[in-house]
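The structure appears below as structure tokens.
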Amino acid sequence: MKGMNMKGKATKGLITAAALTLASSNAFAGMMTVSDSFGSQGSTTDVPVGALTETLTVAGFDTSLGILTGVSISVFGQMDSEGSSKNVSAADGRAEVSILLGSNWSVTTAAADDYIFGNGGAVLADDQSSAAGNFDLTPGEIFTYDLSSGEQSGAMTGVDLSAFTTGSMVDFVFSALALTYINNDVESGTGTFENTFQTGSWGKVEVTYTYSSEVPEPASIAILALGLVGLSLRNKQKQV
């Protein structure tokens, strides 16, 4: 009878430890980032700009990690142009150049609202050999330029979390119609210039997932282990 009572107490202790373990389980918060990019930042040759259409793809959230609680999407873009304008006229002249958007420079995806880096008609960067009205480019002289929009970045809004839990990849399309515009003037007469240029683009998308999953705290695991040890000792005492 006494042995049965000891066994009952030991079993009760084990059940109590297990209950404490369940009650002490804690939500583990995790974070992971996936990304994709095209071109090389600052390059004028990697991805030539004209009618830009580049699709970047990132992996959706792995639901085996836990419950997806948030998604943040950051997008980055840059356009660069370099070239030269040679005055082959008989008179002094000048040159001015700009990177001009012929359409919206945007990022689109089915998982969020569109993001616009710049609207059609916007001038991203410009340069000139001399101020308007000044003709400092002598016959045979070459004006060289190196233009950049600089890194543009922002966060996409209206994110649809369900689009990232389907087990499929998620696409982001970077598009724009970018033009390199060169204007030449001469002080008198008819001007002739030899113009060369090349314009490239770079883009990147970063998607950060935050998630949670239920895991037992280390202290709870220790309590459960202690309960098991206690049960083992009780059984040994009974046998003695």
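By order in the structure tokens, chains are A, B, ...; within a chain, residues start at 1; ligands start at 1, following the order shown.
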
Point to revise | Nearby residues (only C-alpha atoms) at most 8 Å from stretch 170-186 of chain A, same-chain spacing under 5 positions excluded, as a PyMOL selection string | key: chain A and resi 49-60+81+89+91-111+135+163-164+191+193+195+197+199+203+205

Would you put the residues from that selection into a file with C-alpha atoms, as a short mmCIF file (atom, residue, chain, number, x, y, z; two decimals), in the first residue's frame?
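The resulting file, part.cif, is shown below:
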data_model
loop_
_atom_site.label_atom_id
_atom_site.label_comp_id
_atom_site.auth_asym_id
_atom_site.auth_seq_id
_atom_site.Cartn_x
_atom_site.Cartn_y
_atom_site.Cartn_z
CA VAL A 49 18.68 50.80 -70.99
CA GLY A 50 16.08 51.64 -73.59
CA ALA A 51 12.92 49.69 -73.07
CA LEU A 52 13.97 48.15 -69.76
CA THR A 53 12.13 44.97 -68.68
CA GLU A 54 13.87 42.81 -66.10
CA THR A 55 12.15 40.18 -63.93
CA LEU A 56 13.59 39.30 -60.52
CA THR A 57 12.40 36.23 -58.62
CA VAL A 58 12.57 35.35 -54.91
CA ALA A 59 11.54 32.24 -53.00
CA GLY A 60 8.29 32.36 -51.06
CA SER A 81 25.22 56.82 -68.66
CA SER A 89 32.11 72.01 -86.69
CA ALA A 91 32.68 77.14 -85.06
CA ASP A 92 32.81 76.89 -81.29
CA GLY A 93 29.96 74.94 -79.77
CA ARG A 94 28.53 73.36 -76.66
CA ALA A 95 26.90 70.10 -75.59
CA GLU A 96 24.41 69.13 -72.94
CA VAL A 97 23.25 65.64 -72.04
CA SER A 98 20.61 64.13 -69.76
CA ILE A 99 19.04 60.81 -68.76
CA LEU A 100 15.33 61.26 -69.41
CA LEU A 101 12.48 58.91 -68.51
CA GLY A 102 10.11 58.30 -71.41
CA SER A 103 7.79 56.30 -69.12
CA ASN A 104 7.45 55.48 -65.43
CA TRP A 105 10.45 53.71 -63.91
CA SER A 106 8.60 51.15 -61.83
CA VAL A 107 8.54 47.80 -60.05
CA THR A 108 5.40 45.68 -60.32
CA THR A 109 4.38 42.43 -58.62
CA ALA A 110 1.19 40.50 -57.90
CA ALA A 111 2.16 40.50 -54.21
CA PHE A 135 30.32 78.18 -76.46
CA ALA A 163 1.11 35.49 -52.01
CA PHE A 164 4.23 34.32 -50.18
CA GLY A 191 27.00 72.55 -86.25
CA PHE A 193 29.00 66.73 -83.67
CA ASN A 195 28.10 61.72 -80.20
CA PHE A 197 26.91 57.06 -75.35
CA THR A 199 23.40 53.70 -70.64
CA GLY A 203 18.09 46.75 -59.81
CA VAL A 205 14.73 43.41 -54.51
#

Residues within 12 Å of stretch 65-68 of chain A, please, as a PDB file with all heavy atoms, in the first residue's frame. Count only C-alpha atoms; anything in the same chain fewer than 3 positions from it doesn't count.
ATOM      1  N   ALA A  27       6.562  31.569 -27.799  1.00  0.00           N
ATOM      2  CA  ALA A  27       6.582  31.837 -29.236  1.00  0.00           C
ATOM      3  C   ALA A  27       7.970  32.315 -29.637  1.00  0.00           C
ATOM      4  O   ALA A  27       8.455  33.321 -29.123  1.00  0.00           O
ATOM      5  CB  ALA A  27       5.539  32.879 -29.581  1.00  0.00           C
ATOM      6  N   PHE A  28       8.611  31.587 -30.538  1.00  0.00           N
ATOM      7  CA  PHE A  28       9.931  31.954 -31.029  1.00  0.00           C
ATOM      8  C   PHE A  28       9.767  32.843 -32.256  1.00  0.00           C
ATOM      9  O   PHE A  28       9.092  32.473 -33.213  1.00  0.00           O
ATOM     10  CB  PHE A  28      10.724  30.700 -31.385  1.00  0.00           C
ATOM     11  CG  PHE A  28      11.994  30.986 -32.143  1.00  0.00           C
ATOM     12  CD1 PHE A  28      13.114  31.463 -31.487  1.00  0.00           C
ATOM     13  CD2 PHE A  28      12.051  30.794 -33.515  1.00  0.00           C
ATOM     14  CE1 PHE A  28      14.277  31.736 -32.181  1.00  0.00           C
ATOM     15  CE2 PHE A  28      13.212  31.065 -34.222  1.00  0.00           C
ATOM     16  CZ  PHE A  28      14.330  31.539 -33.550  1.00  0.00           C
ATOM     17  N   ALA A  29      10.353  34.033 -32.245  1.00  0.00           N
ATOM     18  CA  ALA A  29      10.256  34.962 -33.371  1.00  0.00           C
ATOM     19  C   ALA A  29      11.481  34.810 -34.259  1.00  0.00           C
ATOM     20  O   ALA A  29      12.613  34.860 -33.781  1.00  0.00           O
ATOM     21  CB  ALA A  29      10.143  36.392 -32.868  1.00  0.00           C
ATOM     22  N   GLY A  30      11.253  34.607 -35.545  1.00  0.00           N
ATOM     23  CA  GLY A  30      12.354  34.447 -36.488  1.00  0.00           C
ATOM     24  C   GLY A  30      12.283  35.464 -37.615  1.00  0.00           C
ATOM     25  O   GLY A  30      11.253  36.104 -37.843  1.00  0.00           O
ATOM     26  N   MET A  31      13.396  35.619 -38.319  1.00  0.00           N
ATOM     27  CA  MET A  31      13.468  36.554 -39.442  1.00  0.00           C
ATOM     28  C   MET A  31      14.436  36.010 -40.482  1.00  0.00           C
ATOM     29  O   MET A  31      15.474  35.450 -40.145  1.00  0.00           O
ATOM     30  CB  MET A  31      13.941  37.930 -38.965  1.00  0.00           C
ATOM     31  CG  MET A  31      14.071  38.970 -40.073  1.00  0.00           C
ATOM     32  SD  MET A  31      14.720  40.559 -39.446  1.00  0.00           S
ATOM     33  CE  MET A  31      13.370  41.056 -38.384  1.00  0.00           C
ATOM     34  N   MET A  32      14.084  36.153 -41.758  1.00  0.00           N
ATOM     35  CA  MET A  32      14.973  35.740 -42.833  1.00  0.00           C
ATOM     36  C   MET A  32      14.748  36.640 -44.045  1.00  0.00           C
ATOM     37  O   MET A  32      13.653  37.170 -44.246  1.00  0.00           O
ATOM     38  CB  MET A  32      14.743  34.273 -43.209  1.00  0.00           C
ATOM     39  CG  MET A  32      13.381  33.964 -43.787  1.00  0.00           C
ATOM     40  SD  MET A  32      13.202  32.225 -44.268  1.00  0.00           S
ATOM     41  CE  MET A  32      14.400  32.133 -45.604  1.00  0.00           C
ATOM     42  N   GLY A  60       9.323  32.067 -52.040  1.00  0.00           N
ATOM     43  CA  GLY A  60       8.288  32.364 -51.064  1.00  0.00           C
ATOM     44  C   GLY A  60       8.689  31.848 -49.687  1.00  0.00           C
ATOM     45  O   GLY A  60       9.735  31.216 -49.517  1.00  0.00           O
ATOM     46  N   PHE A  61       7.850  32.106 -48.695  1.00  0.00           N
ATOM     47  CA  PHE A  61       8.147  31.705 -47.318  1.00  0.00           C
ATOM     48  C   PHE A  61       7.987  30.197 -47.146  1.00  0.00           C
ATOM     49  O   PHE A  61       7.021  29.599 -47.634  1.00  0.00           O
ATOM     50  CB  PHE A  61       7.218  32.443 -46.355  1.00  0.00           C
ATOM     51  CG  PHE A  61       7.379  32.037 -44.923  1.00  0.00           C
ATOM     52  CD1 PHE A  61       8.543  32.347 -44.232  1.00  0.00           C
ATOM     53  CD2 PHE A  61       6.386  31.326 -44.266  1.00  0.00           C
ATOM     54  CE1 PHE A  61       8.708  31.967 -42.911  1.00  0.00           C
ATOM     55  CE2 PHE A  61       6.536  30.949 -42.941  1.00  0.00           C
ATOM     56  CZ  PHE A  61       7.701  31.271 -42.263  1.00  0.00           C
ATOM     57  N   ASP A  62       8.939  29.591 -46.435  1.00  0.00           N
ATOM     58  CA  ASP A  62       8.897  28.165 -46.128  1.00  0.00           C
ATOM     59  C   ASP A  62       8.007  27.971 -44.898  1.00  0.00           C
ATOM     60  O   ASP A  62       8.421  28.243 -43.771  1.00  0.00           O
ATOM     61  CB  ASP A  62      10.315  27.656 -45.859  1.00  0.00           C
ATOM     62  CG  ASP A  62      10.356  26.164 -45.554  1.00  0.00           C
ATOM     63  OD1 ASP A  62       9.283  25.524 -45.538  1.00  0.00           O
ATOM     64  OD2 ASP A  62      11.465  25.640 -45.328  1.00  0.00           O
ATOM     65  N   VAL A  71       5.753  40.634 -43.894  1.00  0.00           N
ATOM     66  CA  VAL A  71       6.624  40.662 -45.069  1.00  0.00           C
ATOM     67  C   VAL A  71       6.951  42.120 -45.386  1.00  0.00           C
ATOM     68  O   VAL A  71       6.048  42.954 -45.499  1.00  0.00           O
ATOM     69  CB  VAL A  71       5.951  40.027 -46.306  1.00  0.00           C
ATOM     70  CG1 VAL A  71       6.865  40.156 -47.528  1.00  0.00           C
ATOM     71  CG2 VAL A  71       5.613  38.568 -46.054  1.00  0.00           C
ATOM     72  N   SER A  72       8.231  42.437 -45.510  1.00  0.00           N
ATOM     73  CA  SER A  72       8.643  43.771 -45.941  1.00  0.00           C
ATOM     74  C   SER A  72       9.448  43.627 -47.233  1.00  0.00           C
ATOM     75  O   SER A  72      10.293  42.740 -47.348  1.00  0.00           O
ATOM     76  CB  SER A  72       9.473  44.478 -44.867  1.00  0.00           C
ATOM     77  OG  SER A  72      10.663  43.771 -44.594  1.00  0.00           O
ATOM     78  N   ASP A 160       0.559  41.547 -49.827  1.00  0.00           N
ATOM     79  CA  ASP A 160      -0.370  40.433 -49.630  1.00  0.00           C
ATOM     80  C   ASP A 160       0.418  39.236 -49.094  1.00  0.00           C
ATOM     81  O   ASP A 160       1.136  38.575 -49.844  1.00  0.00           O
ATOM     82  CB  ASP A 160      -1.042  40.089 -50.961  1.00  0.00           C
ATOM     83  CG  ASP A 160      -1.983  38.897 -50.855  1.00  0.00           C
ATOM     84  OD1 ASP A 160      -2.267  38.449 -49.722  1.00  0.00           O
ATOM     85  OD2 ASP A 160      -2.438  38.408 -51.913  1.00  0.00           O
ATOM     86  N   LEU A 161       0.285  38.956 -47.791  1.00  0.00           N
ATOM     87  CA  LEU A 161       1.052  37.871 -47.172  1.00  0.00           C
ATOM     88  C   LEU A 161       0.753  36.519 -47.807  1.00  0.00           C
ATOM     89  O   LEU A 161       1.648  35.671 -47.933  1.00  0.00           O
ATOM     90  CB  LEU A 161       0.765  37.799 -45.666  1.00  0.00           C
ATOM     91  CG  LEU A 161       1.728  38.570 -44.747  1.00  0.00           C
ATOM     92  CD1 LEU A 161       1.630  40.065 -45.015  1.00  0.00           C
ATOM     93  CD2 LEU A 161       1.436  38.272 -43.284  1.00  0.00           C
ATOM     94  N   SER A 162      -0.494  36.313 -48.232  1.00  0.00           N
ATOM     95  CA  SER A 162      -0.869  35.009 -48.783  1.00  0.00           C
ATOM     96  C   SER A 162      -0.110  34.688 -50.067  1.00  0.00           C
ATOM     97  O   SER A 162       0.064  33.518 -50.419  1.00  0.00           O
ATOM     98  CB  SER A 162      -2.378  34.964 -49.052  1.00  0.00           C
ATOM     99  OG  SER A 162      -2.747  35.895 -50.059  1.00  0.00           O
ATOM    100  N   ALA A 163       0.368  35.715 -50.767  1.00  0.00           N
ATOM    101  CA  ALA A 163       1.106  35.489 -52.015  1.00  0.00           C
ATOM    102  C   ALA A 163       2.457  34.835 -51.761  1.00  0.00           C
ATOM    103  O   ALA A 163       3.068  34.287 -52.686  1.00  0.00           O
ATOM    104  CB  ALA A 163       1.298  36.814 -52.750  1.00  0.00           C
ATOM    105  N   PHE A 164       2.910  34.870 -50.511  1.00  0.00           N
ATOM    106  CA  PHE A 164       4.227  34.325 -50.179  1.00  0.00           C
ATOM    107  C   PHE A 164       4.149  32.960 -49.495  1.00  0.00           C
ATOM    108  O   PHE A 164       5.173  32.416 -49.087  1.00  0.00           O
ATOM    109  CB  PHE A 164       4.981  35.306 -49.273  1.00  0.00           C
ATOM    110  CG  PHE A 164       5.304  36.610 -49.938  1.00  0.00           C
ATOM    111  CD1 PHE A 164       4.425  37.677 -49.861  1.00  0.00           C
ATOM    112  CD2 PHE A 164       6.477  36.771 -50.660  1.00  0.00           C
ATOM    113  CE1 PHE A 164       4.709  38.885 -50.483  1.00  0.00           C
ATOM    114  CE2 PHE A 164       6.769  37.969 -51.286  1.00  0.00           C
ATOM    115  CZ  PHE A 164       5.879  39.029 -51.200  1.00  0.00           C
ATOM    116  N   THR A 165       2.945  32.411 -49.355  1.00  0.00           N
ATOM    117  CA  THR A 165       2.794  31.123 -48.665  1.00  0.00           C
ATOM    118  C   THR A 165       2.204  30.046 -49.570  1.00  0.00           C
ATOM    119  O   THR A 165       1.710  29.029 -49.087  1.00  0.00           O
ATOM    120  CB  THR A 165       1.896  31.286 -47.422  1.00  0.00           C
ATOM    121  OG1 THR A 165       0.626  31.829 -47.813  1.00  0.00           O
ATOM    122  CG2 THR A 165       2.543  32.207 -46.402  1.00  0.00           C
ATOM    123  N   THR A 166       2.258  30.261 -50.875  1.00  0.00           N
ATOM    124  CA  THR A 166       1.688  29.297 -51.816  1.00  0.00           C
ATOM    125  C   THR A 166       2.677  28.209 -52.214  1.00  0.00           C
ATOM    126  O   THR A 166       2.314  27.252 -52.894  1.00  0.00           O
ATOM    127  CB  THR A 166       1.218  30.011 -53.093  1.00  0.00           C
ATOM    128  OG1 THR A 166       2.354  30.610 -53.735  1.00  0.00           O
ATOM    129  CG2 THR A 166       0.189  31.095 -52.775  1.00  0.00           C
ATOM    130  N   THR A 208      11.990  40.483 -46.727  1.00  0.00           N
ATOM    131  CA  THR A 208      12.267  40.011 -45.370  1.00  0.00           C
ATOM    132  C   THR A 208      11.003  39.421 -44.758  1.00  0.00           C
ATOM    133  O   THR A 208       9.956  40.078 -44.725  1.00  0.00           O
ATOM    134  CB  THR A 208      12.782  41.155 -44.479  1.00  0.00           C
ATOM    135  OG1 THR A 208      14.005  41.662 -45.030  1.00  0.00           O
ATOM    136  CG2 THR A 208      13.048  40.661 -43.060  1.00  0.00           C
ATOM    137  N   TYR A 209      11.120  38.173 -44.308  1.00  0.00           N
ATOM    138  CA  TYR A 209      10.001  37.481 -43.670  1.00  0.00           C
ATOM    139  C   TYR A 209      10.196  37.482 -42.156  1.00  0.00           C
ATOM    140  O   TYR A 209      11.292  37.214 -41.664  1.00  0.00           O
ATOM    141  CB  TYR A 209       9.919  36.026 -44.138  1.00  0.00           C
ATOM    142  CG  TYR A 209       9.734  35.849 -45.628  1.00  0.00           C
ATOM    143  CD1 TYR A 209      10.669  35.132 -46.380  1.00  0.00           C
ATOM    144  CD2 TYR A 209       8.641  36.392 -46.282  1.00  0.00           C
ATOM    145  CE1 TYR A 209      10.503  34.956 -47.745  1.00  0.00           C
ATOM    146  CE2 TYR A 209       8.467  36.223 -47.645  1.00  0.00           C
ATOM    147  CZ  TYR A 209       9.398  35.507 -48.375  1.00  0.00           C
ATOM    148  OH  TYR A 209       9.235  35.344 -49.719  1.00  0.00           O
ATOM    149  N   THR A 210       9.137  37.766 -41.412  1.00  0.00           N
ATOM    150  CA  THR A 210       9.136  37.567 -39.967  1.00  0.00           C
ATOM    151  C   THR A 210       8.095  36.495 -39.666  1.00  0.00           C
ATOM    152  O   THR A 210       7.030  36.464 -40.287  1.00  0.00           O
ATOM    153  CB  THR A 210       8.798  38.861 -39.211  1.00  0.00           C
ATOM    154  OG1 THR A 210       7.570  39.408 -39.713  1.00  0.00           O
ATOM    155  CG2 THR A 210       9.901  39.891 -39.388  1.00  0.00           C
ATOM    156  N   TYR A 211       8.421  35.622 -38.727  1.00  0.00           N
ATOM    157  CA  TYR A 211       7.528  34.502 -38.448  1.00  0.00           C
ATOM    158  C   TYR A 211       7.656  34.075 -36.992  1.00  0.00           C
ATOM    159  O   TYR A 211       8.574  34.492 -36.278  1.00  0.00           O
ATOM    160  CB  TYR A 211       7.852  33.319 -39.365  1.00  0.00           C
ATOM    161  CG  TYR A 211       9.261  32.794 -39.237  1.00  0.00           C
ATOM    162  CD1 TYR A 211       9.556  31.726 -38.388  1.00  0.00           C
ATOM    163  CD2 TYR A 211      10.312  33.371 -39.951  1.00  0.00           C
ATOM    164  CE1 TYR A 211      10.850  31.247 -38.258  1.00  0.00           C
ATOM    165  CE2 TYR A 211      11.613  32.897 -39.828  1.00  0.00           C
ATOM    166  CZ  TYR A 211      11.873  31.838 -38.984  1.00  0.00           C
ATOM    167  OH  TYR A 211      13.161  31.374 -38.857  1.00  0.00           O
ATOM    168  N   SER A 212       6.723  33.249 -36.544  1.00  0.00           N
ATOM    169  CA  SER A 212       6.763  32.739 -35.176  1.00  0.00           C
ATOM    170  C   SER A 212       6.465  31.250 -35.184  1.00  0.00           C
ATOM    171  O   SER A 212       5.794  30.736 -36.078  1.00  0.00           O
ATOM    172  CB  SER A 212       5.736  33.465 -34.296  1.00  0.00           C
ATOM    173  OG  SER A 212       4.420  33.189 -34.747  1.00  0.00           O
ATOM    174  N   SER A 213       6.982  30.554 -34.159  1.00  0.00           N
ATOM    175  CA  SER A 213       6.699  29.133 -33.990  1.00  0.00           C
ATOM    176  C   SER A 213       6.760  28.813 -32.512  1.00  0.00           C
ATOM    177  O   SER A 213       7.542  29.408 -31.766  1.00  0.00           O
ATOM    178  CB  SER A 213       7.708  28.277 -34.766  1.00  0.00           C
ATOM    179  OG  SER A 213       9.022  28.554 -34.339  1.00  0.00           O
ATOM    180  N   GLU A 214       5.918  27.878 -32.054  1.00  0.00           N
ATOM    181  CA  GLU A 214       5.861  27.520 -30.645  1.00  0.00           C
ATOM    182  C   GLU A 214       6.989  26.554 -30.301  1.00  0.00           C
ATOM    183  O   GLU A 214       7.115  25.489 -30.893  1.00  0.00           O
ATOM    184  CB  GLU A 214       4.517  26.863 -30.319  1.00  0.00           C
ATOM    185  CG  GLU A 214       3.331  27.814 -30.408  1.00  0.00           C
ATOM    186  CD  GLU A 214       3.370  28.891 -29.345  1.00  0.00           C
ATOM    187  OE1 GLU A 214       3.819  28.591 -28.233  1.00  0.00           O
ATOM    188  OE2 GLU A 214       2.960  30.026 -29.626  1.00  0.00           O
ATOM    189  N   VAL A 215       7.828  26.930 -29.344  1.00  0.00           N
ATOM    190  CA  VAL A 215       8.910  26.057 -28.878  1.00  0.00           C
ATOM    191  C   VAL A 215       8.960  26.109 -27.360  1.00  0.00           C
ATOM    192  O   VAL A 215       8.671  27.138 -26.752  1.00  0.00           O
ATOM    193  CB  VAL A 215      10.283  26.498 -29.442  1.00  0.00           C
ATOM    194  CG1 VAL A 215      10.321  26.346 -30.941  1.00  0.00           C
ATOM    195  CG2 VAL A 215      10.598  27.923 -29.040  1.00  0.00           C
TER     196      VAL A 215
END

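What separates atom CA of A:Phe38 from atom CA of A:Ala125 is a distance of 21.2 Å.
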
Exercise for review: Could you give me the residues within stretch 38-223 of chain A that DSSP places in strand (DSSP E), as JSON, numbers by chain?
Suggested key: {"A": [38, 51, 52, 53, 54, 55, 56, 57, 58, 67, 68, 69, 70, 71, 72, 73, 74, 75, 76, 77, 78, 79, 80, 81, 82, 83, 84, 85, 86, 87, 93, 94, 95, 96, 97, 98, 99, 100, 101, 105, 106, 107, 108, 109, 112, 113, 114, 115, 116, 117, 118, 123, 124, 125, 126, 127, 128, 142, 143, 144, 145, 146, 147, 148, 152, 153, 154, 155, 170, 171, 172, 173, 174, 175, 176, 177, 178, 179, 180, 181, 182, 183, 184, 185, 186, 193, 194, 195, 196, 197, 198, 199, 200, 201, 202, 203, 204, 205, 206, 207, 208, 209, 210, 211, 212, 213, 214, 215]}

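Interatomic distance, atom CA of A:Asp127 against atom CA of A:Leu147: 7.4 Å.
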